[in-house]
$ cat upload08.pdb   # PDB, C-alpha atoms
MODEL        1
ATOM      1  CA  MET S   1       0.000   0.000   0.000
ATOM      2  CA  PRO S   2       1.500   3.391  -0.917
ATOM      3  CA  ARG S   3       2.313   5.638   1.997
ATOM      4  CA  GLU S   4       0.027   8.596   2.508
ATOM      5  CA  LYS S   5       1.750  11.835   1.640
ATOM      6  CA  GLY S   6       1.829  14.706   4.041
ATOM      7  CA  PRO S   7       3.758  17.828   4.938
ATOM      8  CA  PRO S   8       7.473  17.452   5.571
ATOM      9  CA  LYS S   9       8.409  15.789   8.834
ATOM     10  CA  LYS S  10      10.284  17.622  11.561
ATOM     11  CA  ALA S  11      13.917  17.756  10.510
ATOM     12  CA  ASP S  12      15.333  17.112  13.960
ATOM     13  CA  LEU S  13      12.467  15.446  15.770
ATOM     14  CA  LEU S  14      14.320  14.156  18.822
ATOM     15  CA  LYS S  15      15.943  17.495  19.537
ATOM     16  CA  GLU S  16      12.593  19.243  19.154
ATOM     17  CA  VAL S  17      10.713  16.789  21.382
ATOM     18  CA  ARG S  18      13.405  16.983  24.076
ATOM     19  CA  ARG S  19      13.328  20.769  23.992
ATOM     20  CA  LEU S  20       9.537  20.810  24.357
ATOM     21  CA  VAL S  21       9.517  18.259  27.196
ATOM     22  CA  ALA S  22      12.271  20.144  29.050
ATOM     23  CA  SER S  23      10.358  23.416  28.660
ATOM     24  CA  GLY S  24       7.127  21.939  30.009
ATOM     25  CA  TYR S  25       5.335  22.082  26.661
ATOM     26  CA  TYR S  26       4.147  18.539  27.127
ATOM     27  CA  LEU S  27       0.602  17.145  26.995
ATOM     28  CA  GLU S  28      -0.968  13.704  27.110
ATOM     29  CA  THR S  29      -4.352  12.919  25.599
ATOM     30  CA  ARG S  30      -6.854  11.247  27.911
ATOM     31  CA  HIS S  31      -6.701   8.263  25.589
ATOM     32  CA  ALA S  32      -2.932   8.058  26.107
ATOM     33  CA  GLN S  33      -3.371   8.273  29.873
ATOM     34  CA  HIS S  34      -5.923   5.434  29.856
ATOM     35  CA  ARG S  35      -3.674   3.278  27.723
ATOM     36  CA  MET S  36      -0.605   4.031  29.821
ATOM     37  CA  ARG S  37      -2.446   3.076  32.976
ATOM     38  CA  SER S  38      -3.815  -0.167  31.558
ATOM     39  CA  ARG S  39      -0.360  -1.079  30.211
ATOM     40  CA  GLY S  40       1.442  -0.240  33.448
ATOM     41  CA  ILE S  41       3.481   2.558  31.874
ATOM     42  CA  THR S  42       4.218   5.642  33.966
ATOM     43  CA  ARG S  43       4.925   9.195  32.899
ATOM     44  CA  MET S  44       8.450   8.895  34.277
ATOM     45  CA  GLU S  45       9.104   6.031  31.854
ATOM     46  CA  VAL S  46       7.636   7.984  28.945
ATOM     47  CA  TYR S  47       9.850  10.967  29.813
ATOM     48  CA  HIS S  48      12.892   8.694  29.877
ATOM     49  CA  VAL S  49      12.102   7.253  26.448
ATOM     50  CA  LEU S  50      11.458  10.703  24.974
ATOM     51  CA  ARG S  51      14.800  11.894  26.375
ATOM     52  CA  SER S  52      16.876   8.888  25.406
ATOM     53  CA  GLY S  53      15.007   6.945  22.706
ATOM     54  CA  GLN S  54      15.444   6.764  18.964
ATOM     55  CA  HIS S  55      13.157   7.977  16.210
ATOM     56  CA  GLU S  56      11.511   4.943  14.605
ATOM     57  CA  GLU S  57      10.738   6.615  11.296
ATOM     58  CA  LYS S  58       9.118   3.643   9.609
ATOM     59  CA  ARG S  59       6.405   3.756  12.297
ATOM     60  CA  ASP S  60       5.511   7.399  11.705
ATOM     61  CA  VAL S  61       1.955   7.886  10.491
ATOM     62  CA  PHE S  62       0.475  10.906   8.748
ATOM     63  CA  LYS S  63      -2.937  11.785  10.176
ATOM     64  CA  SER S  64      -4.766  13.361   7.285
ATOM     65  CA  GLU S  65      -7.719  14.413   9.463
ATOM     66  CA  HIS S  66      -5.405  16.686  11.478
ATOM     67  CA  GLY S  67      -2.872  17.351   8.740
ATOM     68  CA  SER S  68      -0.006  16.354  10.997
ATOM     69  CA  TRP S  69       2.406  13.527  11.700
ATOM     70  CA  ASN S  70       2.325  11.104  14.588
ATOM     71  CA  TYR S  71       5.930  10.204  15.270
ATOM     72  CA  ALA S  72       7.187   7.015  16.896
ATOM     73  CA  ILE S  73      10.010   7.166  19.433
ATOM     74  CA  ARG S  74      11.315   3.897  20.774
ATOM     75  CA  GLY S  75      13.580   3.276  23.720
ATOM     76  CA  LYS S  76      14.286   1.384  26.904
ATOM     77  CA  THR S  77      13.278   2.427  30.392
ATOM     78  CA  LEU S  78      15.912   3.409  32.956
ATOM     79  CA  ASP S  79      16.194  -0.158  34.292
ATOM     80  CA  LYS S  80      16.330  -1.476  30.720
ATOM     81  CA  ASP S  81      13.690  -4.059  31.642
ATOM     82  CA  LYS S  82      11.053  -2.643  29.295
ATOM     83  CA  GLU S  83      11.106  -1.232  25.800
ATOM     84  CA  LEU S  84       8.459   1.301  24.868
ATOM     85  CA  ARG S  85       7.208   2.956  21.726
ATOM     86  CA  VAL S  86       5.817   6.402  22.418
ATOM     87  CA  ILE S  87       3.645   7.975  19.748
ATOM     88  CA  VAL S  88       3.945  11.728  19.853
ATOM     89  CA  ALA S  89       2.647  14.612  17.739
ATOM     90  CA  ILE S  90       3.995  18.137  17.610
ATOM     91  CA  THR S  91       0.918  20.301  17.882
ATOM     92  CA  GLN S  92       0.434  24.016  17.359
ATOM     93  CA  GLU S  93      -3.251  23.969  18.201
ATOM     94  CA  LEU S  94      -2.854  25.730  21.549
ATOM     95  CA  GLY S  95      -1.175  28.713  19.977
ATOM     96  CA  LYS S  96       2.190  27.369  21.081
ATOM     97  CA  GLU S  97       4.151  24.340  20.017
ATOM     98  CA  ALA S  98       3.787  21.346  22.331
ATOM     99  CA  ALA S  99       4.678  17.665  22.388
ATOM    100  CA  LEU S 100       1.434  15.691  22.576
ATOM    101  CA  VAL S 101       1.673  12.063  23.669
ATOM    102  CA  VAL S 102      -0.953  10.124  21.736
ATOM    103  CA  THR S 103      -0.212   6.680  23.145
ATOM    104  CA  ALA S 104       2.544   4.508  24.602
ATOM    105  CA  ILE S 105       3.038   0.811  23.905
ATOM    106  CA  ASN S 106       5.143  -1.945  25.448
ATOM    107  CA  VAL S 107       7.174  -3.515  22.653
ATOM    108  CA  THR S 108       8.872  -6.232  24.698
TER     109      THR S 108
ATOM    110  CA  MET O   1     -17.630  23.655  18.591
ATOM    111  CA  ARG O   2     -15.864  24.437  21.877
ATOM    112  CA  ASN O   3     -12.331  23.192  22.150
ATOM    113  CA  GLU O   4     -11.925  23.982  25.798
ATOM    114  CA  ARG O   5     -13.733  23.255  29.055
ATOM    115  CA  VAL O   6     -12.977  23.091  32.750
ATOM    116  CA  GLN O   7     -13.181  19.838  34.673
ATOM    117  CA  LYS O   8     -13.929  20.226  38.370
ATOM    118  CA  ASN O   9     -11.820  17.265  39.486
ATOM    119  CA  TYR O  10      -9.327  15.401  37.371
ATOM    120  CA  VAL O  11      -7.680  12.242  38.685
ATOM    121  CA  ASP O  12      -4.297  11.663  37.118
ATOM    122  CA  TYR O  13      -2.528   8.281  37.398
ATOM    123  CA  GLY O  14       0.497   9.157  35.295
ATOM    124  CA  PHE O  15       2.938   9.114  38.215
ATOM    125  CA  GLY O  16       1.739   5.610  39.120
ATOM    126  CA  PHE O  17      -0.738   6.584  41.848
ATOM    127  CA  PRO O  18      -3.780   8.851  41.962
ATOM    128  CA  VAL O  19      -3.224  12.591  42.125
ATOM    129  CA  VAL O  20      -6.349  14.744  42.101
ATOM    130  CA  PHE O  21      -6.269  18.122  40.380
ATOM    131  CA  GLY O  22      -9.024  20.652  40.941
ATOM    132  CA  LYS O  23     -10.458  22.825  38.132
ATOM    133  CA  VAL O  24      -8.382  21.508  35.272
ATOM    134  CA  ARG O  25      -8.556  23.163  31.876
ATOM    135  CA  MET O  26      -9.271  20.469  29.272
ATOM    136  CA  VAL O  27      -8.252  21.275  25.718
ATOM    137  CA  LYS O  28      -9.123  19.519  22.488
ATOM    138  CA  VAL O  29      -5.939  18.841  20.565
ATOM    139  CA  GLU O  30      -5.695  16.783  17.377
ATOM    140  CA  GLY O  31      -9.304  15.705  17.961
ATOM    141  CA  GLU O  32      -8.653  14.395  21.489
ATOM    142  CA  TRP O  33      -9.281  15.891  24.916
ATOM    143  CA  ALA O  34      -6.163  16.495  26.963
ATOM    144  CA  PRO O  35      -5.781  17.996  30.442
ATOM    145  CA  ASP O  36      -3.639  21.142  30.349
ATOM    146  CA  ILE O  37      -1.510  20.348  33.374
ATOM    147  CA  ASP O  38       2.063  21.442  33.957
ATOM    148  CA  TYR O  39       3.335  17.942  34.780
ATOM    149  CA  GLY O  40       6.859  19.130  35.467
ATOM    150  CA  LEU O  41       5.626  21.432  38.212
ATOM    151  CA  ALA O  42       3.178  18.800  39.471
ATOM    152  CA  GLU O  43       6.043  16.300  39.718
ATOM    153  CA  LYS O  44       8.060  18.732  41.835
ATOM    154  CA  CYS O  45       5.074  19.376  44.120
ATOM    155  CA  VAL O  46       4.383  15.641  44.494
ATOM    156  CA  ILE O  47       7.993  14.783  45.362
ATOM    157  CA  GLN O  48       7.956  17.556  47.979
ATOM    158  CA  ALA O  49       4.707  16.183  49.452
ATOM    159  CA  ILE O  50       5.848  12.546  49.605
ATOM    160  CA  PRO O  51       7.940  12.751  52.824
ATOM    161  CA  ASN O  52       4.921  14.082  54.727
ATOM    162  CA  LYS O  53       2.492  11.403  53.612
ATOM    163  CA  PRO O  54       0.419  10.439  56.661
ATOM    164  CA  GLY O  55       0.283   6.741  55.701
ATOM    165  CA  PRO O  56       2.914   4.207  54.586
ATOM    166  CA  LEU O  57       4.380   4.572  51.103
ATOM    167  CA  THR O  58       3.082   2.296  48.373
ATOM    168  CA  GLY O  59       5.163   0.383  45.855
ATOM    169  CA  ASN O  60       4.254   2.811  43.086
ATOM    170  CA  GLN O  61       5.252   5.787  45.228
ATOM    171  CA  VAL O  62       8.673   4.256  45.885
ATOM    172  CA  ARG O  63       9.050   3.701  42.160
ATOM    173  CA  PHE O  64       8.089   7.327  41.506
ATOM    174  CA  ILE O  65      10.729   8.503  43.993
ATOM    175  CA  ARG O  66      13.403   6.321  42.420
ATOM    176  CA  LEU O  67      12.636   7.392  38.870
ATOM    177  CA  HIS O  68      12.297  11.048  39.860
ATOM    178  CA  PHE O  69      15.901  10.910  41.059
ATOM    179  CA  ASN O  70      16.891   8.921  37.984
ATOM    180  CA  MET O  71      18.199   5.995  40.036
ATOM    181  CA  THR O  72      18.404   2.424  38.803
ATOM    182  CA  LEU O  73      17.148  -0.421  41.017
ATOM    183  CA  THR O  74      20.757  -1.249  41.878
ATOM    184  CA  ARG O  75      21.778   2.288  42.774
ATOM    185  CA  PHE O  76      18.635   2.804  44.848
ATOM    186  CA  GLY O  77      19.215  -0.492  46.651
ATOM    187  CA  GLU O  78      22.825   0.473  47.413
ATOM    188  CA  ARG O  79      21.697   3.793  48.862
ATOM    189  CA  PHE O  80      19.294   2.077  51.271
ATOM    190  CA  GLY O  81      21.402  -0.964  52.069
ATOM    191  CA  VAL O  82      19.308  -3.570  50.265
ATOM    192  CA  SER O  83      19.597  -5.564  47.038
ATOM    193  CA  HIS O  84      17.988  -4.498  43.755
ATOM    194  CA  VAL O  85      15.723  -7.539  44.174
ATOM    195  CA  ALA O  86      14.400  -6.119  47.448
ATOM    196  CA  VAL O  87      13.678  -2.782  45.757
ATOM    197  CA  LYS O  88      11.848  -4.589  42.960
ATOM    198  CA  LYS O  89       9.772  -6.459  45.537
ATOM    199  CA  TRP O  90       8.752  -3.191  47.202
ATOM    200  CA  GLU O  91       7.815  -1.667  43.868
ATOM    201  CA  ASP O  92       5.898  -4.726  42.734
ATOM    202  CA  LYS O  93       3.459  -4.123  45.585
ATOM    203  CA  GLY O  94       1.965  -1.481  43.284
ATOM    204  CA  GLU O  95      -0.834   0.353  45.057
ATOM    205  CA  ASP O  96      -0.265  -1.538  48.313
ATOM    206  CA  ARG O  97       2.197  -0.627  51.036
ATOM    207  CA  THR O  98       5.720  -1.820  50.357
ATOM    208  CA  GLY O  99       6.276  -3.756  53.567
ATOM    209  CA  MET O 100       9.757  -2.237  53.916
ATOM    210  CA  ARG O 101      11.138  -1.847  57.426
ATOM    211  CA  TRP O 102      10.089   1.383  59.060
ATOM    212  CA  ALA O 103      13.727   2.399  59.627
ATOM    213  CA  ILE O 104      14.298   2.260  55.862
ATOM    214  CA  GLU O 105      11.093   4.128  55.096
ATOM    215  CA  LYS O 106      12.116   6.891  57.493
ATOM    216  CA  ASP O 107      15.514   7.068  55.806
ATOM    217  CA  LEU O 108      13.834   7.191  52.394
ATOM    218  CA  ARG O 109      11.574  10.065  53.407
ATOM    219  CA  LEU O 110      14.473  12.009  54.912
ATOM    220  CA  PHE O 111      16.503  11.332  51.757
ATOM    221  CA  VAL O 112      13.717  12.830  49.617
ATOM    222  CA  LEU O 113      13.402  15.819  51.903
ATOM    223  CA  LYS O 114      17.146  16.460  51.744
ATOM    224  CA  GLN O 115      17.141  16.240  47.939
ATOM    225  CA  VAL O 116      14.379  18.821  47.609
ATOM    226  CA  ASN O 117      16.367  21.345  49.634
ATOM    227  CA  VAL O 118      14.287  21.976  52.704
ATOM    228  CA  ASP O 119      15.663  23.886  55.654
ATOM    229  CA  ALA O 120      16.956  22.240  58.802
ATOM    230  CA  ASN O 121      13.791  22.997  60.801
ATOM    231  CA  ASP O 122      11.620  21.109  58.323
ATOM    232  CA  PHE O 123      14.051  18.220  58.510
ATOM    233  CA  VAL O 124      13.911  18.038  62.299
ATOM    234  CA  LYS O 125      10.123  18.448  62.286
ATOM    235  CA  LEU O 126       9.711  15.572  59.846
ATOM    236  CA  TYR O 127      12.158  13.406  61.779
ATOM    237  CA  ASP O 128      10.184  13.985  64.993
ATOM    238  CA  GLY O 129       6.919  13.290  63.158
ATOM    239  CA  LEU O 130       8.262  10.046  61.783
ATOM    240  CA  GLU O 131       8.907   8.794  65.286
ATOM    241  CA  GLN O 132       5.145   8.281  65.557
ATOM    242  CA  LYS O 133       3.651   5.151  64.064
ATOM    243  CA  LEU O 134       1.767   5.951  60.871
ATOM    244  CA  PRO O 135      -1.951   5.246  60.490
ATOM    245  CA  PRO O 136      -2.752   2.402  58.096
ATOM    246  CA  ASP O 137      -5.359   4.317  56.064
ATOM    247  CA  PRO O 138      -4.758   4.952  52.374
ATOM    248  CA  TYR O 139      -4.104   8.561  51.427
ATOM    249  CA  ILE O 140      -4.082  10.351  48.095
ATOM    250  CA  ILE O 141      -2.620  13.665  47.013
ATOM    251  CA  ARG O 142      -5.024  16.397  46.075
ATOM    252  CA  PHE O 143      -4.078  19.670  44.438
ATOM    253  CA  ARG O 144      -6.538  22.394  45.195
ATOM    254  CA  SER O 145      -7.410  24.465  42.146
ATOM    255  CA  GLY O 146      -4.499  26.451  40.832
ATOM    256  CA  SER O 147      -4.340  29.118  38.190
ATOM    257  CA  GLY O 148      -4.299  27.943  34.599
ATOM    258  CA  SER O 149      -2.155  24.860  34.250
ATOM    259  CA  LYS O 150      -0.287  25.634  37.477
ATOM    260  CA  PRO O 151      -1.327  23.424  40.389
ATOM    261  CA  ALA O 152      -1.558  24.887  43.875
ATOM    262  CA  GLU O 153      -0.106  23.386  47.055
ATOM    263  CA  PRO O 154      -0.923  19.689  47.333
ATOM    264  CA  VAL O 155      -2.477  18.205  50.454
ATOM    265  CA  TRP O 156      -2.859  14.614  51.596
ATOM    266  CA  ILE O 157      -6.440  13.458  52.092
ATOM    267  CA  ALA O 158      -7.807  10.125  53.306
ATOM    268  CA  ALA O 159      -8.912   8.082  50.300
TER     269      ALA O 159
ENDMDL
END
$ encode --input "upload08.pdb" --output "structure tokens"
Amino acid sequence: MPREKGPPKKADLLKEVRRLVASGYYLETRHAQHRMRSRGITRMEVYHVLRSGQHEEKRDVFKSEHGSWNYAIRGKTLDKDKELRVIVAITQELGKEAALVVTAINVT
Amino acid sequence: MRNERVQKNYVDYGFGFPVVFGKVRMVKVEGEWAPDIDYGLAEKCVIQAIPNKPGPLTGNQVRFIRLHFNMTLTRFGERFGVSHVAVKKWEDKGEDRTGMRWAIEKDLRLFVLKQVNVDANDFVKLYDGLEQKLPPDPYIIRFRSGSGSKPAEPVWIAA
């Protein structure tokens, strides 16, 4: 299936996400919070993955309904006992740029 | 269509245990509702409130403390004179009390207090308070309504 086209992706996603998280421009959708709770993933673990994980470009998805990309960042938790994939969007909808966590998944 | 509303009480479980926020601004972003909470500030307030919890710490609260200070199981265990396996056992208690010895829990609370830079009077006051046996009731943290995304001072309330 051909990939859906969209606007260009963020050139330096990890740097941008880390800057936003460090500045407090960080949000989680209620859906993400429900999923994190049911999967036993805490915010501290998500922070760690966003700060130290790698961009998993092949898992990025363009959301045509919002005209933006959902990016996948994958990494291990501090104890290295779990590997997570955090799906994050860079949103401008609040009049400021913010990292929006859409969901988080255990991949191990 | 409105993309913003205020929720009277919002219970957040992101730190691993319930934290109640009063009057939270909910915003619709990318088609999904999201609470507009300054989690960085909330995390600082929660870590400051932890040493004064009226009841015993739960496994998830110990985990929160450890990860807040960016400590591995091994490093945390070394600091409190136990193995990483013992730390894991405490944390695996989840929402239940850890079952750690009271001497260690006192040390843990004083460790947190020292890390968050309190003055000596607060330290002595907490130490004296910890000499009392804690009640067994469960307690949760509640932030009274703050301004915008900024939470106000948290208080412990009986669950």
$ closest_residue --input "upload08.pdb" --among "S:Ser52, S:Ser64, S:Ser23, S:Thr29" --to "chain O" --atoms "only C-alpha atoms"
S:Thr29
$ residues_around --input "upload08.pdb" --residues "range 67-72 of chain O" --least-positions-apart "2" --cutoff "10 Å" --atoms "all atoms listed in the file" --output "VMD selection string"
(chain S and resid 42 to 45 48 77 to 80) or (chain O and resid 15 43 to 44 47 61 to 65 74 to 79 84 87 112 115)
$ atom_distance --input "upload08.pdb" --atom1 "CA of Val6 in chain O" --atom2 "CA of Pro35 in chain O"
9.1 Å
$ interface_residues --input "upload08.pdb" --of "chain S" --to "chain O" --cutoff "12 Å" --atoms "all atoms listed in the file" --output "ChimeraX atom specification"
/S:20-48,63-70,77-81,88-104
$ resolve_selection --input "upload08.pdb" --expression "the PyMOL selection byres ((chain O and resi 127) around 12)" --output "list of chain:residue names"
O:Pro51, O:Asn52, O:Ala103, O:Glu105, O:Lys106, O:Asp107, O:Leu108, O:Arg109, O:Leu110, O:Phe111, O:Leu113, O:Lys114, O:Ala120, O:Asn121, O:Asp122, O:Phe123, O:Val124, O:Lys125, O:Leu126, O:Asp128, O:Gly129, O:Leu130, O:Glu131, O:Gln132
$ write_last_selection --input "upload08.pdb" --atoms "C-alpha atoms" --output "short mmCIF file (atom, residue, chain, number, x, y, z; two decimals), keeping the file's coordinate frame"
data_model
loop_
_atom_site.label_atom_id
_atom_site.label_comp_id
_atom_site.auth_asym_id
_atom_site.auth_seq_id
_atom_site.Cartn_x
_atom_site.Cartn_y
_atom_site.Cartn_z
CA PRO O 51 7.94 12.75 52.82
CA ASN O 52 4.92 14.08 54.73
CA ALA O 103 13.73 2.40 59.63
CA GLU O 105 11.09 4.13 55.10
CA LYS O 106 12.12 6.89 57.49
CA ASP O 107 15.51 7.07 55.81
CA LEU O 108 13.83 7.19 52.39
CA ARG O 109 11.57 10.06 53.41
CA LEU O 110 14.47 12.01 54.91
CA PHE O 111 16.50 11.33 51.76
CA LEU O 113 13.40 15.82 51.90
CA LYS O 114 17.15 16.46 51.74
CA ALA O 120 16.96 22.24 58.80
CA ASN O 121 13.79 23.00 60.80
CA ASP O 122 11.62 21.11 58.32
CA PHE O 123 14.05 18.22 58.51
CA VAL O 124 13.91 18.04 62.30
CA LYS O 125 10.12 18.45 62.29
CA LEU O 126 9.71 15.57 59.85
CA ASP O 128 10.18 13.98 64.99
CA GLY O 129 6.92 13.29 63.16
CA LEU O 130 8.26 10.05 61.78
CA GLU O 131 8.91 8.79 65.29
CA GLN O 132 5.14 8.28 65.56
#
$ atom_distance --input "upload08.pdb" --atom1 "CA of Ala158 in chain O" --atom2 "CA of Val118 in chain O"
25.1 Å
$ atom_distance --input "upload08.pdb" --atom1 "CA of Tyr139 in chain O" --atom2 "CA of Ala49 in chain O"
11.8 Å
$ resolve_selection --input "upload08.pdb" --expression "the PyMOL selection byres ((chain O and resi 156) around 7)" --output "ChimeraX atom specification"
/O:53,139-142,154-155,157-158
$ resolve_selection --input "upload08.pdb" --expression "the PyMOL selection byres ((chain S and resi 84-86) around 6)" --output "ChimeraX atom specification"
/S:72-75,83,87,104-107
$ closest_residue --input "upload08.pdb" --among "S:Arg19, S:Leu14, S:Thr108, S:Gly6" --to "Glu56 in chain S" --atoms "all atoms listed in the file"
S:Leu14
$ closest_residue --input "upload08.pdb" --among "S:Asp12, S:Phe62, S:Arg18, S:Lys82" --to "Leu50 in chain S" --atoms "only C-alpha atoms"
S:Arg18
$ closest_residue --input "upload08.pdb" --among "O:Gln48, O:Glu91, O:Ile104, O:Phe143" --to "Asn117 in chain O" --atoms "all atoms listed in the file"
O:Gln48
$ axis_aligned_box --input "upload08.pdb" --around "range 78-94 of chain S" --padding-each-side "5 Å" --output "lines of an AutoDock Vina configuration file"
center_x = 6.5
center_y = 10.8
center_z = 25.8
size_x = 29.6
size_y = 39.8
size_z = 26.9
